[in-house]
Amino acid sequence: MAKLVKSNKKRIPQLALISLMHVPLIAGLAFGKENSKLSKDLQEPPADSNVRVIVQFKQDPSDADHQRTLSKGGTHHYRLHGIKGGAYTIPASALADLEKDPNVVHVSIDHKVSAHLDTVAAAINAPTAWQSYGVDGTGIGVAIIDSGFQGGGDLDGSRVVYKQDFIAKDGKDAYGHGSHIAGIVGANGHGSTCGDCVRTFKGIAPGANLLNLRVLDQNGQSTESAVVAAIDQAIALKSKYNIRVINLSLGRPVFESYKVDPLCQAAEAAWKAGIVVVVAAGNDGRNNSFKNQGYGTINSPGNDPYVLTVGAMKTMGTYTRTDDLIASYSSKGPTVLDGVVKPDLVAPGNLVVSVMAPGGTGKGGPTLSTLYPQNDVNNRFFHSVGNPGRSDKYFTLSGTSMAAGVVSGAVADLLQAHPSLTPDQVKARLMKTASKTFPASSVAIDPTTGATFTSLYDIFTIGAGYLDLAAALANSDIAAGTALSPVAVYTPSSGKVTLAFDASSTWGTSAAWGTSAAWGTSAFNSDKSLAGTSAAWATSAAWGTSAAGGTSAAWATSAAWGTSAAWGTSGISAASAIPVLIAGEQ
């Protein structure tokens, strides 16, 4: 998954969670001035004379609302109907007037965004789903909001039913991330189906219809408002193309509560419109800046309790799932500021082979394949004879981005079989039927430095478990309530962590949908507190006022995170800002 980077030059430390027992107090503190309509990072004078913002109104803004904002010397970029807002560039001096506008609810920075199969399919029991249930996603529309992709080859053009470019006009995948995700979701395996092919790289839903909504440029970056606008368009096109799934293999640090975060609010709008929103958790699980072993590193909009947030597993290069382990870079919960339990489940995301964007590895080709030609798949990997050189069709990437694509394909298959399921019922069923058999811990070793990274298989690391598509298709239980992810409540006096559920939630309403059914008995102690989560609250610094994702120590310049010492993988350029996407853990 790619990260979103703040757009203003001055970095303002973000307030992290102080006590999960006092969410209203935390929310007030998180925005600086209590009851301010301005996000915390706008309450100090911005370094630039002009600032690009997202304004949310009480109702869908009228022309008069837009004009009133423009009259302050601003520029209008997008209408954002899903969050009742718009994206503008305005003079910093106009922020005070916006805060006083009775029609304005919230103003936040339009943050910068950036991008974050054969063994994979076997790991989630997809072949069983295809063969026993006859599903391949046919008739289901999956909107892929990413760096774009082109029809043809493994992504046959007839299934690419719509495309729109929100940042340029050519519609190409100049980065190489979107093609890889589209292939994971719905590649038909054409390029690896031949007389001497010994492996076939087929997507999880090879019959699904794909919508190409490009928001990321050749560097895998964009603006938050472009993503929100793309989500808006997916909602608008839902009925025409039967869009039931949105894949968001991108994210950024958490700067404010999901209750006002524009990315989260847009994702919620899609969810409430009947679309399952699948989001990558983030690749920051090794970030120990706050001495809490990478907990609290879930990215936005994966911090929203509605969406289906996905962490990454390693298939270990085998077809069996019994030896699979968590990827140590997979981001962990609970979420900063709101304490939401995330991820919701995990899926294969490490060293995933999928479609390479057209253009190859030469000059002018997609950025990722040009910079990292060593990630081209060797033809001998899937041909028994023939040219031993590198393939121009397939590429290997790793990250929770890839894991999200796997889940999006699985959701399309499930909805083909059970089209009446709501987003909440899909999320609940996938969580309930996820495999809950894991080791107590596992260790990843940096092959360059020898540094070790220990992962514990607790609720904040693996969520409700490992995606099992065949089990989800075999299950017939229908959740009655919402599937909102619960909040983790930490009691300092006892050191215990418990779960708090929304009143509308299906969790805990019966034995069939209780906590043990969703997260497994090993996730809880005998007193119903969470097992093995003490590392998340190992020090008070972990959740102190300076410990949130907005700090440069946590979130990352390329110097901090672009080295093999940080991620322990071979073949990574020291200048790379996306190490996990380039070569995964062994």
# chains A, B, ... in the order shown; residues from 1 in each chain; ligands from 1
>>> residues_around(residues="region 505-521 of chain A", least_positions_apart="5", cutoff="12 Å", atoms="only C-alpha atoms", output="PyMOL selection string")
chain A and resi 305-306+341-345+424-425+427-438+457-466+475-487+498-500+526-531
>>> closest_residue(among="A:Tyr78, A:Phe395, A:Tyr372, A:Tyr319", to="Val352 (chain A)", atoms="only C-alpha atoms")
A:Phe395
>>> atom_distance(atom1="CA of Lys238 (chain A)", atom2="CA of Ser420 (chain A)")
14.8 Å
>>> residues_around(residues="Thr396 (chain A)", least_positions_apart="3", cutoff="7 Å", atoms="only C-alpha atoms", output="JSON, numbers by chain")
{"A": [351, 352, 353, 354, 375, 376, 377]}
>>> write_last_selection(atoms="C-alpha atoms", output="compact mmCIF listing (two decimals), in the first residue's frame")
# COMPACT_ATOMS: atom_id res chain seq x y z
CA LEU A 351 5.90 -11.51 -3.18
CA VAL A 352 2.72 -11.57 -5.26
CA VAL A 353 3.05 -12.17 -9.01
CA SER A 354 0.60 -10.14 -11.08
CA ASN A 375 11.11 -7.73 -10.00
CA ASP A 376 10.21 -8.88 -13.52
CA VAL A 377 9.23 -12.54 -13.29
>>> residues_around(residues="region 103-107 of chain A", least_positions_apart="2", cutoff="7 Å", atoms="only C-alpha atoms", output="list in words")
Lys37, Leu38, Ser39, Val53, Ile54, Val55, Gln56, Phe57, Lys58, Leu98, Glu99 and Asp101 of chain A
>>> select_by_dssp(residues="region 356-463 of chain A", states="strand (DSSP E or B)", output="ChimeraX atom specification")
/A:376-378,383,390-397,435,441-445,452-456
>>> residues_around(residues="Gly73 (chain A)", least_positions_apart="3", cutoff="8 Å", atoms="only C-alpha atoms", output="PyMOL selection string")
chain A and resi 69-70+90-91
>>> write_last_selection(atoms="N, CA and C atoms", output="PDB file, in the first residue's frame")
ATOM      1  N   THR A  69     -17.115  30.691  -1.189  1.00  0.00           N
ATOM      2  CA  THR A  69     -15.732  30.277  -0.921  1.00  0.00           C
ATOM      3  C   THR A  69     -14.782  30.876  -1.946  1.00  0.00           C
ATOM      4  N   LEU A  70     -15.202  30.884  -3.217  1.00  0.00           N
ATOM      5  CA  LEU A  70     -14.353  31.436  -4.268  1.00  0.00           C
ATOM      6  C   LEU A  70     -14.180  32.941  -4.135  1.00  0.00           C
ATOM      7  N   ILE A  90      -7.349  28.101  -1.283  1.00  0.00           N
ATOM      8  CA  ILE A  90      -7.785  29.403  -0.773  1.00  0.00           C
ATOM      9  C   ILE A  90      -6.607  30.105  -0.096  1.00  0.00           C
ATOM     10  N   PRO A  91      -6.681  31.425   0.024  1.00  0.00           N
ATOM     11  CA  PRO A  91      -5.666  32.122   0.818  1.00  0.00           C
ATOM     12  C   PRO A  91      -5.753  31.662   2.275  1.00  0.00           C
TER      13      PRO A  91
END
>>> residues_around(residues="region 206-216 of chain A", least_positions_apart="6", cutoff="8 Å", atoms="only C-alpha atoms", output="VMD selection string")
chain A and resid 113 to 115 136 to 149 159 to 167 171 175 182 185 to 188 222 to 223 226 to 227 230 412
>>> closest_atom_pairs(of="region 397-432 of chain A", to="region 275-283 of chain A", cutoff="6 Å", atoms="only C-alpha atoms", output="tab-separated table")
residue	atom	partner	partner_atom	distance
A:Thr400	CA	A:Ala280	CA	5.1
A:Ser401	CA	A:Ala280	CA	5.2
A:Ala404	CA	A:Ala280	CA	5.2
A:Pro423	CA	A:Val276	CA	4.8
>>> decode(residues="region 266-290 of chain A", atoms="N, CA and C atoms", output="PDB file, in the first residue's frame")
ATOM      1  N   ALA A 266     -15.796   9.675   2.873  1.00  0.00           N
ATOM      2  CA  ALA A 266     -16.132   9.246   1.511  1.00  0.00           C
ATOM      3  C   ALA A 266     -16.295   7.733   1.450  1.00  0.00           C
ATOM      4  N   ALA A 267     -15.389   7.016   2.129  1.00  0.00           N
ATOM      5  CA  ALA A 267     -15.482   5.554   2.157  1.00  0.00           C
ATOM      6  C   ALA A 267     -16.785   5.114   2.827  1.00  0.00           C
ATOM      7  N   GLU A 268     -17.173   5.787   3.896  1.00  0.00           N
ATOM      8  CA  GLU A 268     -18.441   5.475   4.570  1.00  0.00           C
ATOM      9  C   GLU A 268     -19.623   5.717   3.652  1.00  0.00           C
ATOM     10  N   ALA A 269     -19.571   6.815   2.885  1.00  0.00           N
ATOM     11  CA  ALA A 269     -20.674   7.120   1.965  1.00  0.00           C
ATOM     12  C   ALA A 269     -20.848   5.989   0.948  1.00  0.00           C
ATOM     13  N   ALA A 270     -19.733   5.460   0.449  1.00  0.00           N
ATOM     14  CA  ALA A 270     -19.811   4.341  -0.495  1.00  0.00           C
ATOM     15  C   ALA A 270     -20.377   3.102   0.186  1.00  0.00           C
ATOM     16  N   TRP A 271     -19.928   2.845   1.404  1.00  0.00           N
ATOM     17  CA  TRP A 271     -20.416   1.690   2.169  1.00  0.00           C
ATOM     18  C   TRP A 271     -21.920   1.775   2.361  1.00  0.00           C
ATOM     19  N   LYS A 272     -22.390   2.939   2.742  1.00  0.00           N
ATOM     20  CA  LYS A 272     -23.818   3.128   2.986  1.00  0.00           C
ATOM     21  C   LYS A 272     -24.631   3.101   1.692  1.00  0.00           C
ATOM     22  N   ALA A 273     -23.944   3.299   0.562  1.00  0.00           N
ATOM     23  CA  ALA A 273     -24.617   3.197  -0.740  1.00  0.00           C
ATOM     24  C   ALA A 273     -24.674   1.759  -1.232  1.00  0.00           C
ATOM     25  N   GLY A 274     -24.117   0.823  -0.452  1.00  0.00           N
ATOM     26  CA  GLY A 274     -24.200  -0.586  -0.804  1.00  0.00           C
ATOM     27  C   GLY A 274     -22.951  -1.156  -1.450  1.00  0.00           C
ATOM     28  N   ILE A 275     -21.816  -0.460  -1.296  1.00  0.00           N
ATOM     29  CA  ILE A 275     -20.561  -0.908  -1.903  1.00  0.00           C
ATOM     30  C   ILE A 275     -19.596  -1.348  -0.803  1.00  0.00           C
ATOM     31  N   VAL A 276     -19.033  -2.534  -0.928  1.00  0.00           N
ATOM     32  CA  VAL A 276     -18.019  -3.003   0.015  1.00  0.00           C
ATOM     33  C   VAL A 276     -16.717  -2.268  -0.298  1.00  0.00           C
ATOM     34  N   VAL A 277     -16.173  -1.576   0.681  1.00  0.00           N
ATOM     35  CA  VAL A 277     -14.935  -0.808   0.499  1.00  0.00           C
ATOM     36  C   VAL A 277     -13.796  -1.570   1.171  1.00  0.00           C
ATOM     37  N   VAL A 278     -12.857  -2.045   0.357  1.00  0.00           N
ATOM     38  CA  VAL A 278     -11.723  -2.829   0.852  1.00  0.00           C
ATOM     39  C   VAL A 278     -10.492  -1.929   0.854  1.00  0.00           C
ATOM     40  N   VAL A 279      -9.817  -1.850   2.005  1.00  0.00           N
ATOM     41  CA  VAL A 279      -8.717  -0.893   2.178  1.00  0.00           C
ATOM     42  C   VAL A 279      -7.472  -1.601   2.714  1.00  0.00           C
ATOM     43  N   ALA A 280      -6.327  -1.249   2.187  1.00  0.00           N
ATOM     44  CA  ALA A 280      -5.058  -1.768   2.692  1.00  0.00           C
ATOM     45  C   ALA A 280      -4.751  -1.154   4.052  1.00  0.00           C
ATOM     46  N   ALA A 281      -4.234  -1.964   4.971  1.00  0.00           N
ATOM     47  CA  ALA A 281      -3.961  -1.501   6.334  1.00  0.00           C
ATOM     48  C   ALA A 281      -2.785  -0.547   6.400  1.00  0.00           C
ATOM     49  N   GLY A 282      -1.790  -0.735   5.523  1.00  0.00           N
ATOM     50  CA  GLY A 282      -0.557   0.037   5.597  1.00  0.00           C
ATOM     51  C   GLY A 282       0.637  -0.887   5.774  1.00  0.00           C
ATOM     52  N   ASN A 283       1.819  -0.360   5.520  1.00  0.00           N
ATOM     53  CA  ASN A 283       3.041  -1.164   5.572  1.00  0.00           C
ATOM     54  C   ASN A 283       4.003  -0.677   6.655  1.00  0.00           C
ATOM     55  N   ASP A 284       3.483  -0.279   7.784  1.00  0.00           N
ATOM     56  CA  ASP A 284       4.303   0.338   8.814  1.00  0.00           C
ATOM     57  C   ASP A 284       4.439  -0.504  10.079  1.00  0.00           C
ATOM     58  N   GLY A 285       4.216  -1.808   9.959  1.00  0.00           N
ATOM     59  CA  GLY A 285       4.259  -2.673  11.134  1.00  0.00           C
ATOM     60  C   GLY A 285       5.624  -2.799  11.789  1.00  0.00           C
ATOM     61  N   ARG A 286       6.684  -2.418  11.070  1.00  0.00           N
ATOM     62  CA  ARG A 286       8.024  -2.457  11.663  1.00  0.00           C
ATOM     63  C   ARG A 286       8.411  -1.133  12.309  1.00  0.00           C
ATOM     64  N   ASN A 287       7.538  -0.152  12.228  1.00  0.00           N
ATOM     65  CA  ASN A 287       7.835   1.168  12.771  1.00  0.00           C
ATOM     66  C   ASN A 287       7.785   1.114  14.300  1.00  0.00           C
ATOM     67  N   ASN A 288       8.950   1.177  14.918  1.00  0.00           N
ATOM     68  CA  ASN A 288       9.031   1.121  16.384  1.00  0.00           C
ATOM     69  C   ASN A 288       9.434   2.473  16.959  1.00  0.00           C
ATOM     70  N   SER A 289       9.056   3.547  16.287  1.00  0.00           N
ATOM     71  CA  SER A 289       9.444   4.885  16.723  1.00  0.00           C
ATOM     72  C   SER A 289       9.009   5.196  18.143  1.00  0.00           C
ATOM     73  N   PHE A 290       7.898   4.596  18.560  1.00  0.00           N
ATOM     74  CA  PHE A 290       7.355   4.897  19.883  1.00  0.00           C
ATOM     75  C   PHE A 290       7.476   3.721  20.839  1.00  0.00           C
TER      76      PHE A 290
END
